[in-house]
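**Q** Got target00.tsv for you, TSV, C-alpha atoms:
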```tsv
chain	number	residue	atom	x	y	z
I	9	MET	CA	0.00	0.00	0.00
I	10	PHE	CA	2.84	2.40	0.84
I	11	THR	CA	5.93	3.79	-0.85
I	12	SER	CA	7.82	3.79	2.48
I	13	LYS	CA	8.88	0.80	4.53
I	14	LYS	CA	7.79	2.70	7.66
I	15	PRO	CA	5.02	5.00	6.46
I	16	VAL	CA	3.89	8.23	8.06
I	17	ILE	CA	0.10	8.50	8.15
I	18	ALA	CA	-0.91	12.13	8.69
I	19	MET	CA	-4.16	12.93	10.48
I	20	ILE	CA	-6.90	15.26	9.31
I	21	HIS	CA	-9.17	16.03	12.25
I	22	VAL	CA	-12.27	16.94	10.28
I	23	GLU	CA	-14.13	19.99	11.58
I	24	ALA	CA	-17.33	19.44	13.58
I	25	LEU	CA	-19.92	17.83	11.35
I	26	PRO	CA	-23.63	18.71	10.92
I	27	GLY	CA	-25.75	18.13	13.99
I	28	THR	CA	-22.87	18.02	16.47
I	29	PRO	CA	-22.63	20.59	19.30
I	30	ALA	CA	-19.64	22.47	17.84
I	31	SER	CA	-20.86	22.46	14.23
I	32	ARG	CA	-20.30	25.83	12.54
I	33	LEU	CA	-19.30	25.12	8.93
I	34	SER	CA	-21.10	23.74	5.89
I	35	VAL	CA	-19.99	20.40	4.49
I	36	ARG	CA	-18.36	22.22	1.56
I	37	GLU	CA	-16.40	24.45	3.94
I	38	ILE	CA	-15.32	21.40	5.93
I	39	GLU	CA	-14.25	19.72	2.71
I	40	ALA	CA	-12.23	22.78	1.63
I	41	GLN	CA	-10.36	22.84	4.94
I	42	ALA	CA	-9.63	19.11	4.76
I	43	LEU	CA	-8.32	19.50	1.20
I	44	ALA	CA	-6.03	22.34	2.28
I	45	GLU	CA	-4.53	20.13	4.99
I	46	ALA	CA	-4.21	17.22	2.57
I	47	ARG	CA	-2.19	19.41	0.20
I	48	ILE	CA	0.19	20.35	3.00
I	49	TYR	CA	0.70	16.70	3.88
I	50	ARG	CA	1.23	15.61	0.30
I	51	GLU	CA	3.70	18.40	-0.45
I	52	ALA	CA	5.68	17.58	2.71
I	53	GLY	CA	5.97	13.94	1.67
I	54	ALA	CA	3.56	12.15	4.01
I	55	HIS	CA	2.87	8.63	2.80
I	56	ALA	CA	-0.83	8.43	3.69
I	57	ILE	CA	-3.70	10.35	5.26
I	58	ALA	CA	-6.26	9.33	7.86
I	59	LEU	CA	-9.45	11.25	8.57
I	60	GLU	CA	-11.25	11.39	11.90
I	61	ASN	CA	-14.30	13.25	13.24
I	62	MET	CA	-12.47	14.36	16.36
I	63	HIS	CA	-14.25	17.71	16.63
I	64	ASP	CA	-17.64	15.99	17.05
I	65	LEU	CA	-17.43	16.12	20.86
I	66	PRO	CA	-19.05	14.67	22.85
I	67	TYR	CA	-19.00	11.43	20.88
I	68	LEU	CA	-21.84	9.01	20.41
I	69	ARG	CA	-21.09	5.42	21.40
I	70	GLY	CA	-20.90	2.62	18.87
I	71	GLY	CA	-22.75	4.36	16.06
I	72	VAL	CA	-23.51	7.70	14.39
I	73	GLY	CA	-26.31	9.14	12.31
I	74	PRO	CA	-26.64	9.20	8.52
I	75	GLU	CA	-25.65	12.88	8.44
I	76	ILE	CA	-22.18	11.96	9.80
I	77	VAL	CA	-21.77	9.05	7.39
I	78	ALA	CA	-22.80	11.19	4.42
I	79	SER	CA	-20.53	14.08	5.39
I	80	MET	CA	-17.51	11.90	6.06
I	81	ALA	CA	-18.01	10.10	2.74
I	82	ILE	CA	-18.05	13.39	0.82
I	83	VAL	CA	-14.97	14.78	2.58
I	84	SER	CA	-13.05	11.50	2.47
I	85	GLN	CA	-13.66	10.94	-1.22
I	86	ALA	CA	-12.47	14.47	-1.98
I	87	VAL	CA	-9.28	14.00	0.06
I	88	LYS	CA	-8.57	10.61	-1.50
I	89	GLY	CA	-9.02	11.96	-5.01
I	90	ALA	CA	-7.02	15.13	-4.51
I	91	SER	CA	-4.13	13.61	-2.58
I	92	GLY	CA	-3.64	10.42	-4.57
I	93	LEU	CA	-2.39	8.85	-1.32
I	94	PRO	CA	-3.57	5.81	0.62
I	95	CYS	CA	-6.31	7.01	2.97
I	96	GLY	CA	-8.06	5.68	6.03
I	97	ILE	CA	-10.83	6.72	8.36
I	98	GLN	CA	-11.97	6.49	11.96
I	99	ILE	CA	-15.45	7.49	13.08
I	100	LEU	CA	-15.75	8.14	16.79
I	101	ALA	CA	-16.64	6.59	19.03
I	102	GLY	CA	-16.43	2.98	17.97
I	103	ALA	CA	-18.59	3.53	14.88
I	104	ASN	CA	-16.65	0.88	13.00
I	105	ILE	CA	-19.40	-0.33	10.70
I	106	GLU	CA	-20.16	3.24	9.63
I	107	ALA	CA	-16.43	3.76	9.01
I	108	MET	CA	-16.37	0.66	6.82
I	109	ALA	CA	-19.34	1.95	4.82
I	110	VAL	CA	-17.61	5.30	4.25
I	111	ALA	CA	-14.31	3.64	3.33
I	112	HIS	CA	-16.01	1.43	0.76
I	113	ALA	CA	-18.04	4.26	-0.76
I	114	ALA	CA	-15.13	6.71	-0.85
I	115	GLY	CA	-12.49	4.27	-2.09
I	116	LEU	CA	-10.41	4.42	1.08
I	117	ASP	CA	-7.85	1.81	2.05
I	118	PHE	CA	-8.31	1.14	5.76
I	119	ILE	CA	-10.33	1.96	8.84
I	120	ARG	CA	-9.06	2.51	12.37
I	121	ALA	CA	-11.24	0.47	14.68
I	122	GLU	CA	-11.59	0.76	18.43
I	123	GLY	CA	-13.18	-2.09	20.30
I	124	PHE	CA	-12.31	-4.63	17.61
I	125	VAL	CA	-11.59	-7.31	20.22
I	126	PHE	CA	-12.42	-7.54	23.93
I	127	ALA	CA	-14.08	-4.53	25.60
I	128	HIS	CA	-13.09	-1.35	27.40
I	129	ILE	CA	-14.66	1.58	29.20
I	130	ALA	CA	-14.30	4.87	27.35
I	131	ASP	CA	-15.72	8.23	28.41
I	132	GLU	CA	-18.69	7.36	26.18
I	133	GLY	CA	-19.33	4.16	28.14
I	134	LEU	CA	-18.80	0.47	27.44
I	135	ILE	CA	-17.25	-0.27	24.04
I	136	GLN	CA	-17.70	-3.93	23.14
I	137	SER	CA	-15.99	-6.12	20.57
I	138	SER	CA	-17.08	-5.46	16.99
I	139	ALA	CA	-14.93	-7.93	15.06
I	140	ALA	CA	-17.65	-10.44	14.19
I	141	ALA	CA	-20.25	-7.92	13.02
I	142	LEU	CA	-17.68	-5.70	11.29
I	143	LEU	CA	-16.03	-8.38	9.19
I	144	ARG	CA	-19.38	-9.87	8.23
I	145	TYR	CA	-20.54	-6.43	7.16
I	146	ARG	CA	-17.33	-5.94	5.15
I	147	ARG	CA	-18.03	-9.20	3.29
I	148	GLN	CA	-21.70	-8.30	2.81
I	149	ILE	CA	-20.92	-5.03	1.00
I	150	GLY	CA	-17.94	-6.38	-0.92
I	151	ALA	CA	-15.38	-4.23	0.86
I	152	GLU	CA	-12.73	-6.89	1.52
I	153	ARG	CA	-10.02	-4.60	0.12
I	154	VAL	CA	-10.54	-2.23	3.08
I	155	GLN	CA	-8.13	-3.16	5.87
I	156	VAL	CA	-8.99	-3.05	9.58
I	157	TRP	CA	-6.35	-1.48	11.83
I	158	ALA	CA	-7.27	-2.17	15.43
I	159	ASP	CA	-6.35	-0.18	18.52
I	160	VAL	CA	-5.20	-2.30	21.46
I	161	LYS	CA	-5.59	-1.06	25.04
I	162	LYS	CA	-6.85	2.18	23.50
I	163	LYS	CA	-6.02	5.64	24.87
I	164	HIS	CA	-8.65	7.60	26.84
I	165	SER	CA	-10.00	4.32	28.20
I	166	SER	CA	-10.08	2.13	31.26
I	167	HIS	CA	-9.09	-1.48	30.73
I	168	ALA	CA	-9.95	-2.72	34.21
I	169	ILE	CA	-12.37	-5.34	32.90
I	170	THR	CA	-9.56	-6.89	30.86
I	171	ALA	CA	-6.75	-6.21	33.34
I	172	ASP	CA	-5.78	-9.89	33.32
I	173	ILE	CA	-5.26	-9.77	29.53
I	174	GLY	CA	-2.02	-8.06	28.52
I	175	ILE	CA	-1.56	-5.84	25.50
I	176	GLY	CA	0.37	-8.62	23.76
I	177	ALA	CA	-2.48	-11.09	24.19
I	178	THR	CA	-4.89	-8.44	22.95
I	179	ALA	CA	-2.79	-7.93	19.81
I	180	GLU	CA	-2.57	-11.68	19.32
I	181	THR	CA	-6.37	-11.80	19.41
I	182	VAL	CA	-6.60	-9.05	16.77
I	183	GLU	CA	-4.55	-11.29	14.48
I	184	PHE	CA	-6.65	-14.34	15.38
I	185	MET	CA	-9.83	-12.39	14.63
I	186	ARG	CA	-8.54	-11.46	11.15
I	187	GLY	CA	-7.50	-7.87	11.74
I	188	ASN	CA	-4.92	-6.40	9.37
I	189	ALA	CA	-2.79	-4.24	11.68
I	190	VAL	CA	-2.43	-3.22	15.31
I	191	ILE	CA	-2.21	0.33	16.70
I	192	VAL	CA	-0.40	1.07	19.96
I	193	THR	CA	-0.90	4.42	21.73
I	194	GLY	CA	-0.09	6.24	24.93
I	195	SER	CA	-2.77	6.77	27.55
I	196	VAL	CA	-4.16	10.00	26.04
I	197	THR	CA	-3.95	11.96	22.78
I	198	GLY	CA	-0.44	13.30	22.31
I	199	ASP	CA	1.20	10.92	24.79
I	200	PRO	CA	3.83	8.55	23.36
I	201	PRO	CA	3.43	4.79	23.74
I	202	GLN	CA	5.51	2.79	26.16
I	203	ALA	CA	8.47	0.96	24.60
I	204	SER	CA	7.53	-2.11	26.66
I	205	ASP	CA	4.02	-2.14	25.14
I	206	ILE	CA	5.42	-2.04	21.61
I	207	ALA	CA	7.84	-4.86	22.36
I	208	GLU	CA	5.12	-7.00	23.93
I	209	VAL	CA	2.83	-6.51	20.95
I	210	LYS	CA	5.64	-7.41	18.55
I	211	GLN	CA	6.34	-10.59	20.51
I	212	HIS	CA	2.75	-11.76	20.33
I	213	CYS	CA	1.57	-11.00	16.79
I	214	ARG	CA	2.87	-10.89	13.25
I	215	LEU	CA	0.73	-8.00	12.07
I	216	PRO	CA	2.16	-4.56	11.26
I	217	VAL	CA	2.35	-2.41	14.39
I	218	TYR	CA	1.62	1.30	13.99
I	219	LEU	CA	2.14	3.90	16.71
I	220	GLY	CA	-0.98	6.03	17.10
I	221	SER	CA	-0.06	8.85	19.45
I	222	GLY	CA	2.78	10.97	20.77
I	223	VAL	CA	5.44	10.45	18.10
I	224	THR	CA	7.33	13.67	17.33
I	225	ALA	CA	10.31	14.79	15.30
I	226	ASP	CA	12.33	14.76	18.52
I	227	ASN	CA	11.48	11.23	19.70
I	228	LEU	CA	11.03	9.52	16.32
I	229	SER	CA	14.52	8.04	16.34
I	230	GLY	CA	13.74	6.18	19.57
I	231	TYR	CA	10.72	4.49	18.01
I	232	TYR	CA	11.82	4.06	14.41
I	233	SER	CA	13.27	0.57	14.64
I	234	ALA	CA	10.48	-0.77	16.86
I	235	ALA	CA	7.43	0.20	14.78
I	236	ASP	CA	6.13	-0.46	11.27
I	237	GLY	CA	4.67	3.01	10.80
I	238	PHE	CA	3.50	6.18	12.52
I	239	ILE	CA	0.10	7.86	12.73
I	240	VAL	CA	0.78	11.52	13.49
I	241	GLY	CA	-1.84	14.14	14.34
I	242	SER	CA	-1.25	16.50	17.25
I	243	HIS	CA	2.44	16.99	16.50
I	244	PHE	CA	1.60	18.35	13.03
I	245	LYS	CA	-0.69	21.06	14.39
I	246	VAL	CA	0.11	24.61	15.48
I	247	ASP	CA	1.65	24.45	18.98
I	248	GLY	CA	1.27	20.67	18.86
I	249	HIS	CA	-2.42	20.77	19.82
I	250	TRP	CA	-4.84	18.51	17.95
I	251	ALA	CA	-7.60	21.14	17.62
I	252	ASN	CA	-5.39	23.64	15.76
I	253	THR	CA	-4.70	23.85	12.04
I	254	VAL	CA	-1.81	22.03	10.41
I	255	ASP	CA	1.59	23.74	10.66
I	256	PRO	CA	3.56	23.01	7.44
I	257	LYS	CA	6.90	23.61	9.14
I	258	ARG	CA	6.20	20.98	11.78
I	259	VAL	CA	5.24	18.48	9.09
I	260	GLU	CA	8.35	19.24	7.06
I	261	ARG	CA	10.60	18.88	10.11
I	262	PHE	CA	9.09	15.50	11.00
I	263	MET	CA	9.38	14.18	7.46
I	264	ALA	CA	13.01	15.34	7.27
I	265	ALA	CA	13.76	13.44	10.49
I	266	HIS	CA	11.99	10.40	9.07
I	267	ALA	CA	14.02	10.59	5.86
I	268	LYS	CA	17.29	10.72	7.79
I	269	LEU	CA	16.36	7.50	9.56
I	270	GLY	CA	15.78	5.68	6.27
I	271	GLY	CA	12.44	6.95	5.03
```
Let me see the file written as structure tokens.
**A**
Amino acid sequence: MFTSKKPVIAMIHVEALPGTPASRLSVREIEAQALAEARIYREAGAHAIALENMHDLPYLRGGVGPEIVASMAIVSQAVKGASGLPCGIQILAGANIEAMAVAHAAGLDFIRAEGFVFAHIADEGLIQSSAAALLRYRRQIGAERVQVWADVKKKHSSHAITADIGIGATAETVEFMRGNAVIVTGSVTGDPPQASDIAEVKQHCRLPVYLGSGVTADNLSGYYSAADGFIVGSHFKVDGHWANTVDPKRVERFMAAHAKLGG
């Protein structure tokens, strides 16, 4: 899928969508902003783009309305077409089937799924395993080309109900349940993952392992050999805050550091 052996997947945090509390822009305005960020990422040399409805706070749990699906499909298709890069999508919170529908309709390449295996408590409530329903839905709509990248021991969540199941065993279960990749994060957005978590995941599964939070131009070298790719959002934004617009200089600096390590 990628031109790099350790790809950088740059995040577009799509502006608040219709019907959500912070909504203020039309779908066309949201699309224009997403396209502007996609151009910055492409010109800086990012290898892929992922879209997420992170401004839709507070998130619904396990599903979203048709207005979110329709809006994300329009914006995602535009970004995919304009960027020419591999693209993925996550729809919060845990709306994995809706994400699969958007990915199929918009020609995207992967979805980021939370709650793919086991269960956890997020601030939205209990997120239960979706693997069985999700992969059956993928087959039903003929979307087998769309990969499922699954978060393990996801950030912003309590894992007390699975405290006796380590992150390695969770990753092993993602592979057993036919996931395509595993995502390891820190405990919250912007926090780097623990080196021990990455090592444990690598020991227990053969899937690609992507780091999904907290990787920066300054700490990239410490993670480069351990991971198969990097999903970067907050670090690419003005002042390193996820809610701000993309800062081209921060993207360029990160990609230069990545190139020095082998690209």
**Q** Nearest to His243 (chain I) among I:Lys268, I:Asp199, I:Cys213, I:Ile99, with distances taken over all atoms listed in the file: which residue is it?
**A**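 Of I:Lys268, I:Asp199, I:Cys213, I:Ile99, the one nearest His243 (chain I), counting all atoms listed in the file, is I:Asp199.
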**Q** Quick one: residues within 6 Å of region 226-240 of chain I, all atoms listed in the file counted, chain neighbours fewer than 6 positions away excluded, as a PDB file with C-alpha atoms, in the coordinates of the input?
**A**
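Contents of the output file around-v1.pdb:
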```pdb
ATOM      1  CA  LYS I  14       7.790   2.700   7.660  1.00  0.00           C
ATOM      2  CA  PRO I  15       5.020   5.000   6.460  1.00  0.00           C
ATOM      3  CA  VAL I  16       3.890   8.230   8.060  1.00  0.00           C
ATOM      4  CA  ILE I  17       0.100   8.500   8.150  1.00  0.00           C
ATOM      5  CA  ALA I  18      -0.910  12.130   8.690  1.00  0.00           C
ATOM      6  CA  MET I  19      -4.160  12.930  10.480  1.00  0.00           C
ATOM      7  CA  PRO I 216       2.160  -4.560  11.260  1.00  0.00           C
ATOM      8  CA  VAL I 217       2.350  -2.410  14.390  1.00  0.00           C
ATOM      9  CA  TYR I 218       1.620   1.300  13.990  1.00  0.00           C
ATOM     10  CA  LEU I 219       2.140   3.900  16.710  1.00  0.00           C
ATOM     11  CA  GLY I 220      -0.980   6.030  17.100  1.00  0.00           C
TER      12      GLY I 220
END
```
**Q** How many Å separate CA of Ile119 (chain I) from CA of Ala168 (chain I)?
**A**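 Going from CA of Ile119 (chain I) over to CA of Ala168 (chain I), I get 25.8 Å.
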**Q** My list of candidates is I:Pro66, I:Gly92, I:Gly194, I:Pro200. Which is closest to Leu43 (chain I) when distances are computed with all atoms listed in the file?
**A**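 Using all atoms listed in the file, Leu43 (chain I) sits closest to I:Gly92.
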**Q** May I ask which of the residues I:Gln148, I:Ala189, I:Val125, I:Gly222 is the closest one to Ala177 (chain I), counting all atoms listed in the file?
**A**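 Smallest distance to Ala177 (chain I) is found for I:Val125.
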**Q** Calculate how many Å separate CA of Cys95 (chain I) from CA of Leu116 (chain I), rounding to one decimal.
**A** 5.2 Å
**Q** Show which residues sit within 8 Å of Arg50 (chain I), as a short mmCIF file (atom, residue, chain, number, x, y, z; two decimals) with C-alpha atoms, in the frame of the given file. Count all atoms listed in the file, and ignore same-chain residues fewer than 5 positions away.
**A**
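This went into around_28.cif:
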```
data_model
loop_
_atom_site.label_atom_id
_atom_site.label_comp_id
_atom_site.auth_asym_id
_atom_site.auth_seq_id
_atom_site.Cartn_x
_atom_site.Cartn_y
_atom_site.Cartn_z
CA HIS I 55 2.87 8.63 2.80
CA SER I 91 -4.13 13.61 -2.58
CA LEU I 93 -2.39 8.85 -1.32
#
```
**Q** Kindly indicate which residue among I:Arg147, I:His21, I:Arg186, I:His112 lies nearest to His249 (chain I), using all atoms listed in the file for the distances.
**A**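 Looking only at the distances to His249 (chain I), the closest residue turns out to be I:His21.
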**Q** I need the residue nearest His63 (chain I) from this list: I:Leu142, I:Leu25, I:Val192, I:Ile105. Use only C-alpha atoms for the distance.
**A**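 Distance minimum relative to His63 (chain I) lands on I:Leu25.
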**Q** If we count all atoms listed in the file, what is near Ser165 (chain I) at a cut-off of 9 Å, once residues fewer than 3 positions away on the same chain are taken out, given as a list in words?
**A**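 Near neighbours after the sequence-gap exclusion: His128, Ile129, Ala130, Asp131, Lys161, Lys162, Ser195 and Val196 of chain I.
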